[in-house]
$ cat start-v4.txt   # compact mmCIF, C-alpha atoms
# COMPACT_ATOMS: atom_id res chain seq x y z
CA MET A 16 0.15 11.48 11.74
CA ASP A 17 0.24 9.66 8.41
CA LEU A 18 -0.12 5.88 8.17
CA VAL A 19 1.67 3.34 6.01
CA LEU A 20 -0.31 0.11 5.61
CA PHE A 21 1.51 -3.15 4.96
CA GLY A 22 0.01 -6.57 4.44
CA ILE A 23 0.35 -9.55 2.18
CA GLN A 24 -2.21 -9.90 -0.61
CA GLY A 25 -5.47 -11.09 0.92
CA SER A 26 -4.77 -9.49 4.31
CA GLY A 27 -7.65 -7.05 3.86
CA LYS A 28 -5.31 -4.06 3.57
CA GLY A 29 -7.27 -2.34 0.79
CA THR A 30 -10.60 -2.79 2.58
CA GLN A 31 -9.18 -1.46 5.84
CA ALA A 32 -7.58 1.50 4.03
CA LYS A 33 -10.95 2.54 2.59
CA ARG A 34 -12.63 2.21 5.99
CA LEU A 35 -9.91 4.25 7.74
CA ALA A 36 -10.15 6.93 5.05
CA GLU A 37 -13.92 7.20 5.52
CA GLU A 38 -14.04 7.10 9.30
CA LYS A 39 -10.78 8.82 10.25
CA GLU A 40 -10.53 11.23 7.29
CA TYR A 41 -7.30 10.00 5.74
CA VAL A 42 -6.54 10.69 2.10
CA ILE A 43 -5.46 7.40 0.48
CA PHE A 44 -2.38 7.19 -1.67
CA GLU A 45 -2.77 3.86 -3.42
CA ALA A 46 0.22 3.43 -5.73
CA GLY A 47 -1.53 1.43 -8.47
CA GLY A 48 -4.56 3.72 -8.55
CA GLU A 49 -2.46 6.88 -8.69
CA LEU A 50 -0.33 5.47 -11.51
CA ARG A 51 -3.46 4.54 -13.51
CA LYS A 52 -4.90 8.04 -12.92
CA ILE A 53 -1.68 9.69 -14.10
CA ALA A 54 -1.46 7.34 -17.11
CA ALA A 55 -4.93 8.54 -18.15
CA SER A 56 -3.83 12.20 -18.03
CA LYS A 57 -2.37 13.75 -21.15
CA THR A 58 0.71 15.10 -19.35
CA PRO A 59 4.29 14.16 -20.31
CA LEU A 60 4.55 12.15 -17.05
CA GLY A 61 1.22 10.48 -17.85
CA GLU A 62 2.47 9.44 -21.29
CA ARG A 63 5.62 7.92 -19.75
CA VAL A 64 3.64 6.00 -17.13
CA LYS A 65 1.11 4.82 -19.75
CA SER A 66 3.88 3.45 -21.97
CA PHE A 67 5.21 1.26 -19.11
CA ILE A 68 1.73 0.04 -18.14
CA ASP A 69 0.69 -0.65 -21.76
CA GLN A 70 3.80 -2.78 -22.30
CA GLY A 71 3.12 -4.71 -19.10
CA ASN A 72 6.30 -3.40 -17.48
CA LEU A 73 6.75 -2.19 -13.92
CA VAL A 74 6.85 1.57 -13.63
CA PRO A 75 10.42 2.54 -12.65
CA PHE A 76 11.18 3.44 -9.06
CA GLU A 77 12.12 7.06 -9.89
CA ILE A 78 8.76 7.71 -11.56
CA ILE A 79 6.84 6.10 -8.68
CA MET A 80 8.66 8.30 -6.18
CA GLU A 81 8.01 11.38 -8.36
CA VAL A 82 4.28 10.51 -8.27
CA VAL A 83 4.34 9.97 -4.47
CA ARG A 84 6.20 13.22 -3.88
CA GLY A 85 3.78 15.18 -6.08
CA PHE A 86 0.80 13.70 -4.22
CA VAL A 87 2.25 14.50 -0.77
CA GLU A 88 3.41 18.00 -1.77
CA ASP A 89 -0.10 18.80 -3.08
CA LEU A 90 -1.52 17.95 0.36
CA ASN A 91 1.35 19.28 2.49
CA GLY A 92 0.41 22.14 4.75
CA GLY A 93 -3.31 21.47 4.34
CA GLY A 94 -3.58 19.50 7.57
CA LYS A 95 -4.70 16.36 5.74
CA ARG A 96 -3.42 12.98 6.91
CA ILE A 97 -2.31 10.46 4.29
CA LEU A 98 -2.72 6.71 4.33
CA PHE A 99 -0.10 5.07 2.10
CA ASP A 100 -1.18 1.76 0.57
CA GLY A 101 1.32 -0.04 -1.67
CA ILE A 102 4.34 2.12 -0.95
CA PRO A 103 7.14 1.64 0.00
CA ARG A 104 7.41 -1.84 -1.52
CA ASP A 105 11.14 -2.41 -1.10
CA MET A 106 14.29 -1.07 0.54
CA ASP A 107 15.03 1.49 -2.20
CA GLN A 108 11.51 2.92 -2.01
CA ARG A 109 11.78 2.90 1.80
CA LYS A 110 14.93 4.99 1.71
CA ALA A 111 13.43 7.52 -0.74
CA PHE A 112 10.12 7.54 1.18
CA MET A 113 11.87 8.31 4.49
CA ALA A 114 13.95 11.08 2.91
CA MET A 115 10.82 12.63 1.38
CA MET A 116 8.82 12.42 4.63
CA ASP A 117 11.73 13.94 6.60
CA ALA A 118 12.12 16.76 4.06
CA LEU A 119 8.39 17.53 4.20
CA LYS A 120 8.38 17.14 8.02
CA ARG A 121 5.62 14.51 8.02
CA GLU A 122 5.35 12.00 10.86
CA TYR A 123 4.16 8.48 10.08
CA LEU A 124 3.43 5.13 11.64
CA CYS A 125 3.40 1.75 9.88
CA ILE A 126 0.62 -0.78 10.43
CA HIS A 127 1.43 -4.33 9.33
CA ILE A 128 -1.70 -6.46 8.97
CA THR A 129 -0.57 -10.06 9.45
CA ILE A 130 -2.46 -13.13 8.31
CA ASN A 131 -1.75 -16.80 7.75
CA GLU A 132 -0.67 -17.16 4.12
CA GLU A 133 -2.99 -20.10 3.39
CA ASP A 134 -5.95 -18.11 4.76
CA ALA A 135 -4.95 -15.20 2.54
CA VAL A 136 -4.80 -17.42 -0.56
CA GLN A 137 -8.28 -18.80 0.22
CA ARG A 138 -9.64 -15.27 0.76
CA ILE A 139 -8.32 -14.14 -2.61
CA LEU A 140 -9.63 -17.23 -4.43
CA GLY A 141 -13.01 -16.80 -2.73
CA ARG A 142 -13.16 -13.12 -3.72
CA ALA A 143 -12.21 -14.04 -7.29
CA ARG A 144 -15.09 -16.53 -7.47
CA GLU A 145 -17.59 -14.08 -5.95
CA GLN A 146 -16.58 -11.10 -8.07
CA GLY A 147 -15.52 -12.89 -11.25
CA ARG A 148 -12.02 -11.46 -11.02
CA ALA A 149 -9.85 -13.47 -13.39
CA ASP A 150 -6.66 -11.68 -12.24
CA ASP A 151 -7.14 -13.14 -8.76
CA ALA A 152 -8.33 -16.62 -9.79
CA ASN A 153 -4.90 -18.10 -10.52
CA GLU A 154 -3.31 -19.59 -7.41
CA GLU A 155 0.14 -19.67 -9.01
CA THR A 156 -0.02 -15.91 -9.70
CA ILE A 157 -1.21 -15.24 -6.15
CA ARG A 158 1.68 -17.23 -4.68
CA ARG A 159 4.17 -15.49 -6.99
CA ARG A 160 2.94 -12.07 -5.74
CA MET A 161 3.20 -13.30 -2.15
CA ALA A 162 6.76 -14.53 -2.73
CA LEU A 163 7.62 -11.07 -4.08
CA PHE A 164 6.12 -9.53 -0.93
CA HIS A 165 8.30 -11.78 1.25
CA GLU A 166 11.42 -11.08 -0.80
CA LYS A 167 11.07 -7.32 -1.37
CA THR A 168 8.61 -5.77 1.08
CA GLU A 169 9.29 -7.72 4.29
CA PRO A 170 12.90 -6.44 4.59
CA ALA A 171 11.52 -2.87 4.41
CA ILE A 172 8.95 -3.71 7.11
CA ARG A 173 11.70 -5.21 9.30
CA ALA A 174 13.81 -2.07 8.86
CA PHE A 175 10.88 0.13 9.94
CA GLU A 176 10.34 -2.26 12.90
CA ALA A 177 13.95 -1.79 14.00
CA GLU A 178 13.20 1.95 14.22
CA GLY A 179 10.06 1.35 16.31
CA LYS A 180 7.74 2.55 13.53
CA VAL A 181 5.65 -0.63 13.05
CA ILE A 182 2.62 -1.92 14.92
CA GLU A 183 1.53 -5.42 13.94
CA VAL A 184 -2.20 -6.03 13.77
CA ASP A 185 -3.72 -9.51 13.58
CA GLY A 186 -5.63 -9.69 10.27
CA GLU A 187 -7.47 -12.92 11.11
CA GLY A 188 -11.21 -12.75 11.70
CA GLY A 189 -13.92 -10.48 10.39
CA MET A 190 -13.44 -7.05 8.83
CA GLU A 191 -14.96 -5.32 11.86
CA GLU A 192 -12.65 -7.11 14.33
CA VAL A 193 -9.57 -6.20 12.32
CA PHE A 194 -10.74 -2.58 11.99
CA GLU A 195 -11.16 -2.34 15.77
CA ARG A 196 -7.63 -3.69 16.25
CA ILE A 197 -6.26 -1.08 13.85
CA LEU A 198 -8.10 1.71 15.68
CA LEU A 199 -6.61 0.52 18.98
CA ALA A 200 -3.15 0.43 17.41
CA ILE A 201 -3.27 4.00 16.10
CA GLU A 202 -4.78 5.58 19.22
$ encode --input "start-v4.txt" --output "structure tokens"
Amino acid sequence: MDLVLFGIQGSGKGTQAKRLAEEKEYVIFEAGGELRKIAASKTPLGERVKSFIDQGNLVPFEIIMEVVRGFVEDLNGGGKRILFDGIPRDMDQRKAFMAMMDALKREYLCIHITINEEDAVQRILGRAREQGRADDANEETIRRRMALFHEKTEPAIRAFEAEGKVIEVDGEGGMEEVFERILLAIE
């Protein structure tokens, strides 16, 4: 069964995704990473994606879904499980994601890593200081991204919840504790 990971910035979602991929043999689909990889290719799709990224614009929904579908189709039938990180981000992506998964006959479960927002902000700021990451050092930018998560992604999570497809996992505490909770949730 495939997994869809949800969590506000700073919830540890990316860290947990990597750990699950290593220990439970999931292939990660991380939207941003895949788009950057495609932008670096010299394909017509890569050129289109690169033009959006270079101009600082969001890559349109249709292109993102084309990228997701290509990724899943490449793995379909090979028995590999996919861990989706960063998709679906809103109700439109949710609808297209569900249609694609149904068409490809892939089962999935959503894991929502929850964390207190103030703790998440402090985690991100701490990580920015430790790693010298300027993109994460601005509290205003962090809060703007979190507001976008609440506005766009949470309605999609709630819709999946209404269908019984979401397990909430407490993201507070150490990485190991959270990982153990996720393992319990998926077993």
$ closest_residue --input "start-v4.txt" --among "A:Cys125, A:Asn72, A:Lys180, A:Ile23" --to "Ala162 of chain A" --atoms "only C-alpha atoms"
A:Ile23
$ closest_residue --input "start-v4.txt" --among "A:Ala46, A:Leu198, A:Ala152, A:Met113" --to "Ala171 of chain A" --atoms "all atoms listed in the file"
A:Met113
$ closest_residue --input "start-v4.txt" --among "A:Lys120, A:Ser26, A:Glu38, A:Ala111" --to "Met161 of chain A" --atoms "all atoms listed in the file"
A:Ser26
$ residues_around --input "start-v4.txt" --residues "segment 77-84 of chain A" --least-positions-apart "2" --cutoff "8 Å" --atoms "only C-alpha atoms" --output "list in words"
Phe44, Ala46, Glu49, Leu50, Val64, Val74, Pro75, Phe86, Val87, Glu88, Gln108, Ala111, Phe112 and Met115 of chain A
$ closest_residue --input "start-v4.txt" --among "A:Gly61, A:Gly27, A:Gly94, A:Gly141" --to "Asn153 of chain A" --atoms "only C-alpha atoms"
A:Gly141
$ atom_distance --input "start-v4.txt" --atom1 "atom CA of Lys167 of chain A" --atom2 "atom CA of Glu45 of chain A"
17.9 Å
$ closest_residue --input "start-v4.txt" --among "A:Gly22, A:Gly147, A:Gly47, A:Gly29" --to "Ile68 of chain A" --atoms "all atoms listed in the file"
A:Gly47
$ residues_around --input "start-v4.txt" --residues "Gln137 of chain A" --least-positions-apart "6" --cutoff "10 Å" --atoms "only C-alpha atoms" --output "PyMOL selection string"
chain A and resi 25+143+154
$ atom_distance --input "start-v4.txt" --atom1 "atom CA of Arg121 of chain A" --atom2 "atom CA of Met16 of chain A"
7.3 Å
$ atom_distance --input "start-v4.txt" --atom1 "atom CA of Phe67 of chain A" --atom2 "atom CA of Ala54 of chain A"
9.2 Å
$ residues_near_point --input "start-v4.txt" --point "(-3.4, 14.0, 4.5)" --cutoff "6 Å" --atoms "all atoms listed in the file" --output "JSON, numbers by chain"
{"A": [41, 42, 95, 96, 97]}
$ closest_residue --input "start-v4.txt" --among "A:Glu155, A:Gln146, A:Leu20, A:Pro103" --to "Thr168 of chain A" --atoms "only C-alpha atoms"
A:Pro103
$ decode --input "start-v4.txt" --residues "segment 151-185 of chain A" --atoms "N, CA and C atoms" --output "tab-separated table (two decimals), in the first residue's frame"
chain	number	residue	atom	x	y	z
A	151	ASP	N	15.06	29.25	5.24
A	151	ASP	CA	14.27	28.89	6.41
A	151	ASP	C	14.44	29.86	7.57
A	152	ALA	N	15.29	30.88	7.41
A	152	ALA	CA	15.63	31.74	8.55
A	152	ALA	C	14.64	32.88	8.77
A	153	ASN	N	13.72	33.08	7.85
A	153	ASN	CA	12.79	34.20	7.94
A	153	ASN	C	11.45	33.72	8.52
A	154	GLU	N	11.16	34.17	9.73
A	154	GLU	CA	9.94	33.71	10.41
A	154	GLU	C	8.67	34.10	9.65
A	155	GLU	N	8.70	35.27	9.03
A	155	GLU	CA	7.52	35.72	8.27
A	155	GLU	C	7.23	34.77	7.10
A	156	THR	N	8.29	34.34	6.40
A	156	THR	CA	8.14	33.40	5.28
A	156	THR	C	7.61	32.06	5.78
A	157	ILE	N	8.14	31.60	6.90
A	157	ILE	CA	7.71	30.33	7.49
A	157	ILE	C	6.21	30.40	7.79
A	158	ARG	N	5.80	31.48	8.45
A	158	ARG	CA	4.38	31.61	8.82
A	158	ARG	C	3.48	31.74	7.59
A	159	ARG	N	3.99	32.37	6.54
A	159	ARG	CA	3.21	32.49	5.29
A	159	ARG	C	3.00	31.09	4.68
A	160	ARG	N	4.07	30.26	4.68
A	160	ARG	CA	3.94	28.90	4.16
A	160	ARG	C	2.96	28.08	5.01
A	161	MET	N	3.01	28.30	6.32
A	161	MET	CA	2.10	27.57	7.21
A	161	MET	C	0.65	28.00	6.97
A	162	ALA	N	0.44	29.29	6.74
A	162	ALA	CA	-0.91	29.78	6.46
A	162	ALA	C	-1.44	29.16	5.18
A	163	LEU	N	-0.56	29.01	4.18
A	163	LEU	CA	-0.94	28.38	2.92
A	163	LEU	C	-1.32	26.90	3.16
A	164	PHE	N	-0.57	26.24	4.02
A	164	PHE	CA	-0.88	24.85	4.38
A	164	PHE	C	-2.28	24.76	4.99
A	165	HIS	N	-2.58	25.67	5.94
A	165	HIS	CA	-3.90	25.67	6.58
A	165	HIS	C	-5.00	25.95	5.56
A	166	GLU	N	-4.75	26.89	4.68
A	166	GLU	CA	-5.78	27.31	3.72
A	166	GLU	C	-6.01	26.28	2.62
A	167	LYS	N	-4.93	25.73	2.07
A	167	LYS	CA	-5.04	24.87	0.88
A	167	LYS	C	-5.00	23.37	1.19
A	168	THR	N	-4.04	22.96	2.03
A	168	THR	CA	-3.82	21.52	2.22
A	168	THR	C	-4.76	20.91	3.25
A	169	GLU	N	-5.04	21.64	4.34
A	169	GLU	CA	-5.91	21.07	5.38
A	169	GLU	C	-7.28	20.65	4.87
A	170	PRO	N	-7.94	21.41	3.97
A	170	PRO	CA	-9.23	20.92	3.45
A	170	PRO	C	-9.08	19.57	2.73
A	171	ALA	N	-7.98	19.37	2.02
A	171	ALA	CA	-7.74	18.09	1.34
A	171	ALA	C	-7.57	16.98	2.38
A	172	ILE	N	-6.83	17.27	3.45
A	172	ILE	CA	-6.64	16.28	4.52
A	172	ILE	C	-7.99	15.92	5.14
A	173	ARG	N	-8.80	16.95	5.43
A	173	ARG	CA	-10.12	16.70	6.02
A	173	ARG	C	-11.00	15.85	5.10
A	174	ALA	N	-10.90	16.08	3.80
A	174	ALA	CA	-11.69	15.29	2.85
A	174	ALA	C	-11.23	13.83	2.85
A	175	PHE	N	-9.93	13.60	2.92
A	175	PHE	CA	-9.42	12.22	3.02
A	175	PHE	C	-9.87	11.60	4.35
A	176	GLU	N	-9.87	12.40	5.42
A	176	GLU	CA	-10.32	11.91	6.74
A	176	GLU	C	-11.76	11.44	6.68
A	177	ALA	N	-12.60	12.19	5.99
A	177	ALA	CA	-14.02	11.85	5.89
A	177	ALA	C	-14.21	10.50	5.20
A	178	GLU	N	-13.22	10.10	4.39
A	178	GLU	CA	-13.27	8.80	3.70
A	178	GLU	C	-12.55	7.71	4.50
A	179	GLY	N	-12.07	8.05	5.69
A	179	GLY	CA	-11.37	7.06	6.52
A	179	GLY	C	-9.98	6.71	6.03
A	180	LYS	N	-9.34	7.62	5.30
A	180	LYS	CA	-8.03	7.35	4.71
A	180	LYS	C	-6.87	8.00	5.46
A	181	VAL	N	-7.14	8.65	6.61
A	181	VAL	CA	-6.08	9.38	7.31
A	181	VAL	C	-5.87	8.81	8.71
A	182	ILE	N	-4.60	8.62	9.06
A	182	ILE	CA	-4.22	8.31	10.43
A	182	ILE	C	-3.37	9.47	10.91
A	183	GLU	N	-3.77	10.08	12.02
A	183	GLU	CA	-2.97	11.17	12.59
A	183	GLU	C	-1.91	10.58	13.48
A	184	VAL	N	-0.70	11.14	13.37
A	184	VAL	CA	0.43	10.72	14.18
A	184	VAL	C	0.98	11.95	14.88
A	185	ASP	N	1.17	11.85	16.19
A	185	ASP	CA	1.72	12.94	16.98
A	185	ASP	C	3.18	13.15	16.59
